[in-house]
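Novice: Input: one structure, supplied below.
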Amino acid sequence: MLFNKRTERIFIWVFFPLALLLPLFLEQNTFYVSKLTSIMIFALFVMSLDYLVGRCGLITLGHAMFYGLGGYLFWMIAPEYTEVNFWVYTFYVCMIAAAIALVIGFLVLRTSGIYMIMITLAFAQMAYYFFSDSIQFGGNDGLFIYVKPETSIFGLSLFDLDNPVHFYYLCLLSLFNTLVFFKLLIRSRFGRVVDAIHQNPSRTTALGYNIFLFRLMSYVIASALGAYAGYLFTLQYGFVNPSMLAWTTSGSALVMSILGGMGSIYGAILGTFVYEGLHYGLEHMTEHWMLFMGILIIAMVMVFKNGIAGYLEKLLEKRS
């Protein structure tokens, strides 16, 4: 069974059917549909970081570089006023991001611990300042995407990306597919080796595995999916700007991963929705929302020591 934990199965059967039905009740209020879409996109990004940090033990503060690159790469390779195919350009964006990750990963993975955190942060900040200082790429104002792609396959159009509800379902499908992909990856032989490297790299090396190669492949996979999330964000709002590459984006994603339950993958979705839900609720209640947000995050991390997913598993698994 792909989802072998009872908690995971409950989450799948509650979250995704509910998410499928929500647009039916929000059809007259596209703001909330768009808000939920943006949360799902960021949850996809947090999942890619959660795999990297929680399953591979590779802590990075530069993952947002690929989130921003997803948008900038699409702007660079797509004709400005021509409607292109979504699926083809998804492949292009992910492959180019993977190639960039391969080069950067080859350098950053020669370090570990605090040194890896610093060098990934340095790469991300270099990319951030490059785009923010570049007139060609719009500087701090960013760039606009004037024509959204079409999604036809063999002449059959599946989604209209100008329709908020259609875009919502595309992102929901992407979120589900990414979750399934990571579960398959974790349960594969590759995933078991990555878990072994995380737990005991010395013993894994003694067994004859090239741990650098496995870490590099994991870094490339997570970075490509992070770029895909940024690509979706760019398509949703029709623009990309340097703030997507800022270290604060990586920091927020890391907090959501910890809050959800690091390494659980589905916990990244829980953490993102809880964090963004608190953010939205508090900022509409008080101008001092950041103070209360910080207090609540600290309290939740102290209470849910293994994250929300870990707490739910503690409650539900022992009853199964």
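Note on naming: chains are A, B, ... as they come in the structure tokens, residues start from 1 per chain, ligands start from 1 in the order shown.
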Compile the contact shell of region 63-75 of chain A as JSON, numbers by chain: residues with an atom at most 6 Å away, counting only C-alpha atoms, same-chain residues fewer than 2 positions apart removed.

Specialist: {"A": [61, 77, 78, 124, 223, 226, 227, 228, 230, 231, 234, 240, 244, 245, 249, 250]}

Novice: With N, CA, C and O atoms retained, could you export that selection as an mmCIF file, in the first residue's frame?

Specialist:
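The resulting file, out.cif, is shown below:
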data_model
loop_
_atom_site.group_PDB
_atom_site.id
_atom_site.type_symbol
_atom_site.label_atom_id
_atom_site.label_comp_id
_atom_site.auth_asym_id
_atom_site.auth_seq_id
_atom_site.Cartn_x
_atom_site.Cartn_y
_atom_site.Cartn_z
ATOM 1 N N LEU A 61 18.826 27.239 2.964
ATOM 2 C CA LEU A 61 18.078 28.493 3.025
ATOM 3 C C LEU A 61 18.059 29.151 1.647
ATOM 4 O O LEU A 61 17.763 30.338 1.540
ATOM 5 N N ILE A 77 12.134 31.878 -21.861
ATOM 6 C CA ILE A 77 12.078 30.934 -22.990
ATOM 7 C C ILE A 77 10.784 31.006 -23.784
ATOM 8 O O ILE A 77 10.736 30.537 -24.928
ATOM 9 N N ALA A 78 9.728 31.597 -23.214
ATOM 10 C CA ALA A 78 8.442 31.643 -23.921
ATOM 11 C C ALA A 78 8.329 32.925 -24.750
ATOM 12 O O ALA A 78 8.721 33.995 -24.287
ATOM 13 N N ALA A 124 21.443 31.906 -3.387
ATOM 14 C CA ALA A 124 20.102 32.484 -3.523
ATOM 15 C C ALA A 124 20.156 34.004 -3.505
ATOM 16 O O ALA A 124 19.471 34.674 -4.290
ATOM 17 N N SER A 223 14.732 20.561 -6.412
ATOM 18 C CA SER A 223 14.886 21.888 -7.016
ATOM 19 C C SER A 223 13.990 22.040 -8.240
ATOM 20 O O SER A 223 13.375 23.095 -8.451
ATOM 21 N N GLY A 226 10.554 22.561 -7.010
ATOM 22 C CA GLY A 226 10.445 23.914 -6.476
ATOM 23 C C GLY A 226 10.265 24.934 -7.596
ATOM 24 O O GLY A 226 9.486 25.879 -7.472
ATOM 25 N N ALA A 227 10.977 24.727 -8.711
ATOM 26 C CA ALA A 227 10.835 25.600 -9.880
ATOM 27 C C ALA A 227 9.442 25.468 -10.486
ATOM 28 O O ALA A 227 8.856 26.456 -10.953
ATOM 29 N N TYR A 228 8.890 24.251 -10.491
ATOM 30 C CA TYR A 228 7.540 24.049 -11.011
ATOM 31 C C TYR A 228 6.519 24.840 -10.199
ATOM 32 O O TYR A 228 5.589 25.440 -10.751
ATOM 33 N N GLY A 230 7.113 27.628 -8.549
ATOM 34 C CA GLY A 230 7.277 29.031 -8.919
ATOM 35 C C GLY A 230 6.681 29.347 -10.278
ATOM 36 O O GLY A 230 6.128 30.436 -10.501
ATOM 37 N N TYR A 231 6.772 28.402 -11.182
ATOM 38 C CA TYR A 231 6.172 28.524 -12.516
ATOM 39 C C TYR A 231 4.656 28.647 -12.408
ATOM 40 O O TYR A 231 4.029 29.508 -13.051
ATOM 41 N N THR A 234 3.724 32.087 -10.997
ATOM 42 C CA THR A 234 3.866 33.111 -12.040
ATOM 43 C C THR A 234 2.672 33.097 -12.987
ATOM 44 O O THR A 234 2.171 34.153 -13.388
ATOM 45 N N VAL A 240 6.343 37.874 -12.231
ATOM 46 C CA VAL A 240 7.406 37.291 -11.422
ATOM 47 C C VAL A 240 8.297 38.435 -10.958
ATOM 48 O O VAL A 240 8.565 39.364 -11.731
ATOM 49 N N MET A 244 10.436 36.565 -4.877
ATOM 50 C CA MET A 244 10.244 35.113 -4.876
ATOM 51 C C MET A 244 11.541 34.369 -4.560
ATOM 52 O O MET A 244 11.512 33.248 -4.073
ATOM 53 N N LEU A 245 12.684 35.013 -4.836
ATOM 54 C CA LEU A 245 13.979 34.379 -4.609
ATOM 55 C C LEU A 245 14.577 34.720 -3.251
ATOM 56 O O LEU A 245 15.647 34.214 -2.897
ATOM 57 N N THR A 249 11.578 33.798 1.783
ATOM 58 C CA THR A 249 10.676 32.797 1.203
ATOM 59 C C THR A 249 11.098 31.404 1.628
ATOM 60 O O THR A 249 10.268 30.569 2.005
ATOM 61 N N SER A 250 12.409 31.142 1.579
ATOM 62 C CA SER A 250 12.936 29.847 2.047
ATOM 63 C C SER A 250 12.682 29.674 3.537
ATOM 64 O O SER A 250 12.320 28.578 3.994
#

Novice: May I have the residues within 8 Å of Ala99 (chain A) as a list in words, using only C-alpha atoms and disregarding those fewer than 4 positions away in the same chain?

Specialist: Met95, Val103 and Val220 of chain A

Novice: Using DSSP on the backbone coordinates, identify all residues within region 17-60 of chain A classified as helix (DSSP H, G or I); present the result as number ranges by chain.

Specialist: A: 17-25, 30-55

Novice: Filtering to N, CA and C atoms, could you give me those residues as an mmCIF file, in the first residue's frame?

Specialist:
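The resulting file, again.cif, is reproduced below:
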data_model
loop_
_atom_site.group_PDB
_atom_site.id
_atom_site.type_symbol
_atom_site.label_atom_id
_atom_site.label_comp_id
_atom_site.auth_asym_id
_atom_site.auth_seq_id
_atom_site.Cartn_x
_atom_site.Cartn_y
_atom_site.Cartn_z
ATOM 1 N N PRO A 17 -10.920 15.159 -1.208
ATOM 2 C CA PRO A 17 -12.348 15.303 -1.554
ATOM 3 C C PRO A 17 -12.918 16.663 -1.148
ATOM 4 N N LEU A 18 -12.496 17.156 0.034
ATOM 5 C CA LEU A 18 -12.960 18.471 0.483
ATOM 6 C C LEU A 18 -12.466 19.557 -0.466
ATOM 7 N N ALA A 19 -11.193 19.434 -0.869
ATOM 8 C CA ALA A 19 -10.626 20.417 -1.799
ATOM 9 C C ALA A 19 -11.308 20.361 -3.157
ATOM 10 N N LEU A 20 -11.741 19.178 -3.573
ATOM 11 C CA LEU A 20 -12.466 19.045 -4.841
ATOM 12 C C LEU A 20 -13.814 19.760 -4.808
ATOM 13 N N LEU A 21 -14.461 19.739 -3.648
ATOM 14 C CA LEU A 21 -15.807 20.288 -3.532
ATOM 15 C C LEU A 21 -15.827 21.783 -3.219
ATOM 16 N N LEU A 22 -14.763 22.310 -2.618
ATOM 17 C CA LEU A 22 -14.769 23.701 -2.161
ATOM 18 C C LEU A 22 -15.133 24.721 -3.239
ATOM 19 N N PRO A 23 -14.575 24.623 -4.454
ATOM 20 C CA PRO A 23 -14.928 25.627 -5.480
ATOM 21 C C PRO A 23 -16.421 25.686 -5.797
ATOM 22 N N LEU A 24 -17.137 24.585 -5.555
ATOM 23 C CA LEU A 24 -18.578 24.586 -5.809
ATOM 24 C C LEU A 24 -19.303 25.547 -4.872
ATOM 25 N N PHE A 25 -18.753 25.724 -3.649
ATOM 26 C CA PHE A 25 -19.355 26.624 -2.671
ATOM 27 C C PHE A 25 -18.788 28.038 -2.759
ATOM 28 N N THR A 30 -14.413 34.424 -6.220
ATOM 29 C CA THR A 30 -13.173 33.901 -6.801
ATOM 30 C C THR A 30 -11.937 34.297 -5.993
ATOM 31 N N PHE A 31 -12.084 35.307 -5.097
ATOM 32 C CA PHE A 31 -10.935 35.691 -4.269
ATOM 33 C C PHE A 31 -10.461 34.507 -3.438
ATOM 34 N N TYR A 32 -11.415 33.813 -2.786
ATOM 35 C CA TYR A 32 -11.046 32.690 -1.932
ATOM 36 C C TYR A 32 -10.538 31.503 -2.753
ATOM 37 N N VAL A 33 -11.075 31.336 -3.955
ATOM 38 C CA VAL A 33 -10.566 30.288 -4.845
ATOM 39 C C VAL A 33 -9.111 30.575 -5.189
ATOM 40 N N SER A 34 -8.811 31.831 -5.525
ATOM 41 C CA SER A 34 -7.437 32.221 -5.863
ATOM 42 C C SER A 34 -6.514 32.116 -4.656
ATOM 43 N N LYS A 35 -7.036 32.474 -3.476
ATOM 44 C CA LYS A 35 -6.230 32.382 -2.252
ATOM 45 C C LYS A 35 -5.867 30.936 -1.952
ATOM 46 N N LEU A 36 -6.839 30.038 -2.050
ATOM 47 C CA LEU A 36 -6.572 28.616 -1.823
ATOM 48 C C LEU A 36 -5.617 28.065 -2.865
ATOM 49 N N THR A 37 -5.726 28.558 -4.090
ATOM 50 C CA THR A 37 -4.813 28.119 -5.154
ATOM 51 C C THR A 37 -3.383 28.503 -4.822
ATOM 52 N N SER A 38 -3.180 29.733 -4.380
ATOM 53 C CA SER A 38 -1.820 30.185 -4.050
ATOM 54 C C SER A 38 -1.254 29.403 -2.864
ATOM 55 N N ILE A 39 -2.121 29.020 -1.908
ATOM 56 C CA ILE A 39 -1.654 28.213 -0.774
ATOM 57 C C ILE A 39 -1.234 26.826 -1.250
ATOM 58 N N MET A 40 -2.007 26.240 -2.172
ATOM 59 C CA MET A 40 -1.646 24.926 -2.702
ATOM 60 C C MET A 40 -0.330 24.981 -3.467
ATOM 61 N N ILE A 41 -0.121 26.064 -4.219
ATOM 62 C CA ILE A 41 1.134 26.213 -4.953
ATOM 63 C C ILE A 41 2.304 26.268 -3.974
ATOM 64 N N PHE A 42 2.133 27.057 -2.908
ATOM 65 C CA PHE A 42 3.228 27.153 -1.942
ATOM 66 C C PHE A 42 3.403 25.850 -1.174
ATOM 67 N N ALA A 43 2.310 25.115 -0.955
ATOM 68 C CA ALA A 43 2.411 23.802 -0.303
ATOM 69 C C ALA A 43 3.251 22.855 -1.153
ATOM 70 N N LEU A 44 3.097 22.951 -2.472
ATOM 71 C CA LEU A 44 3.911 22.139 -3.375
ATOM 72 C C LEU A 44 5.395 22.484 -3.203
ATOM 73 N N PHE A 45 5.675 23.786 -3.094
ATOM 74 C CA PHE A 45 7.058 24.236 -2.866
ATOM 75 C C PHE A 45 7.584 23.729 -1.526
ATOM 76 N N VAL A 46 6.755 23.822 -0.487
ATOM 77 C CA VAL A 46 7.166 23.367 0.849
ATOM 78 C C VAL A 46 7.412 21.859 0.849
ATOM 79 N N MET A 47 6.618 21.100 0.083
ATOM 80 C CA MET A 47 6.835 19.656 -0.016
ATOM 81 C C MET A 47 8.209 19.348 -0.588
ATOM 82 N N SER A 48 8.611 20.097 -1.609
ATOM 83 C CA SER A 48 9.929 19.861 -2.210
ATOM 84 C C SER A 48 11.044 20.166 -1.213
ATOM 85 N N LEU A 49 10.856 21.216 -0.403
ATOM 86 C CA LEU A 49 11.843 21.540 0.626
ATOM 87 C C LEU A 49 11.810 20.516 1.752
ATOM 88 N N ASP A 50 10.610 20.049 2.103
ATOM 89 C CA ASP A 50 10.456 19.064 3.174
ATOM 90 C C ASP A 50 11.176 17.767 2.834
ATOM 91 N N TYR A 51 11.088 17.366 1.569
ATOM 92 C CA TYR A 51 11.813 16.166 1.145
ATOM 93 C C TYR A 51 13.316 16.374 1.284
ATOM 94 N N LEU A 52 13.771 17.539 0.876
ATOM 95 C CA LEU A 52 15.210 17.822 0.894
ATOM 96 C C LEU A 52 15.748 17.867 2.317
ATOM 97 N N VAL A 53 15.008 18.531 3.207
ATOM 98 C CA VAL A 53 15.479 18.712 4.576
ATOM 99 C C VAL A 53 15.117 17.509 5.455
ATOM 100 N N GLY A 54 13.854 17.091 5.387
ATOM 101 C CA GLY A 54 13.372 16.055 6.291
ATOM 102 C C GLY A 54 13.777 14.652 5.925
ATOM 103 N N ARG A 55 13.855 14.344 4.628
ATOM 104 C CA ARG A 55 14.197 12.982 4.195
ATOM 105 C C ARG A 55 15.671 12.826 3.828
#

Novice: To one decimal place in Å, what is the distance between CA of Gly105 (chain A) and CA of Val93 (chain A)?

Specialist: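 Result for CA of Gly105 (chain A) versus CA of Val93 (chain A): 17.5 Å, one decimal.
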
Novice: What lies within 12 Å of Arg9 (chain A) using only C-alpha atoms, ignoring chain neighbours under 4 positions off, as a list in words?

Specialist: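 Residues meeting the cut-off are Met1, Leu2, Phe3, Asn4, Lys5, Trp13, Val14, Phe15, Phe16, Tyr266, Leu312, Glu313, Leu316, Glu317 and Ser320 of chain A.
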
Novice: Taking 4 positions as the minimum chain separation for residues in the same chain, which residues sit within 7 Å of Ser257 (chain A) when counting only C-alpha atoms? Answer as a count of residues only.

Specialist: 7

Novice: When you look at Pro242 (chain A) with a cut-off of 9 Å (counting only C-alpha atoms), what residues show up, excluding the ones that are within fewer than 2 positions of it in the same chain? I need them as a list of chain:residue names.

Specialist: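 Skipping anything fewer than 2 positions along the chain leaves A:Gly68, A:Ala127, A:Tyr128, A:Tyr129, A:Phe130, A:Phe131, A:Ser132, A:Gly139, A:Asn140, A:Asp141, A:Gly142, A:Val240, A:Met244, A:Leu245, A:Ala246.
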
Novice: DSSP on the backbone, then: every residue of region 92-280 of chain A marked strand (DSSP E), written as a ChimeraX atom specification.

Specialist: /A:143-144,152-153,156-157,239-240

Novice: Residues within 12 Å of Ser152 (chain A), please, as a count of residues only. Count only C-alpha atoms; anything in the same chain fewer than 5 positions from it doesn't count.

Specialist: 11

Novice: Using only C-alpha atoms for the distances, tell me which of A:Leu235, A:Ala222, A:Leu109, A:Met126 is nearest to Lys148 (chain A).

Specialist: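 Among the listed residues, A:Leu235 lies closest to Lys148 (chain A).
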
Novice: Could you tell me how far CA of Thr205 (chain A) lies from CA of Leu184 (chain A), in Å and to one decimal?

Specialist: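 Taking CA of Thr205 (chain A) as the start and CA of Leu184 (chain A) as the end point, the length is 23.7 Å.
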
Novice: When you draw a straight line from CA of Gly260 (chain A) to CA of Leu172 (chain A), how long is it in Å?

Specialist: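 Straight-line distance from CA of Gly260 (chain A) to CA of Leu172 (chain A) works out to 18.5 Å.
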
Novice: Which residue gives the smallest distance to Phe233 (chain A) among A:Tyr275, A:Phe190, A:Trp289, A:Tyr168, with only C-alpha atoms counted?

Specialist: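 Residue with the minimum atom-to-atom distance to Phe233 (chain A): A:Tyr168.
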
Novice: Find the spatial neighbours of Phe212 (chain A), counting only C-alpha atoms, within a cut-off of 12 Å - ignore same-chain residues fewer than 5 positions away - and output them as a list in words.

Specialist: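 The contact residues come out as Cys56, Leu58, Leu102, Gly105, Phe106, Leu107, Val108, Leu109, Arg110, Thr111, Ser112, Val193, Val194, Ile197, His198, Pro201, Ser202, Thr204, Thr205, Met217, Ser218 and Tyr219 of chain A.
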
Novice: Return the single residue from A:Thr286, A:Leu216, A:Ile211, A:Thr90 that is closest to Gln199 (chain A), with distances computed using only C-alpha atoms.

Specialist: A:Ile211
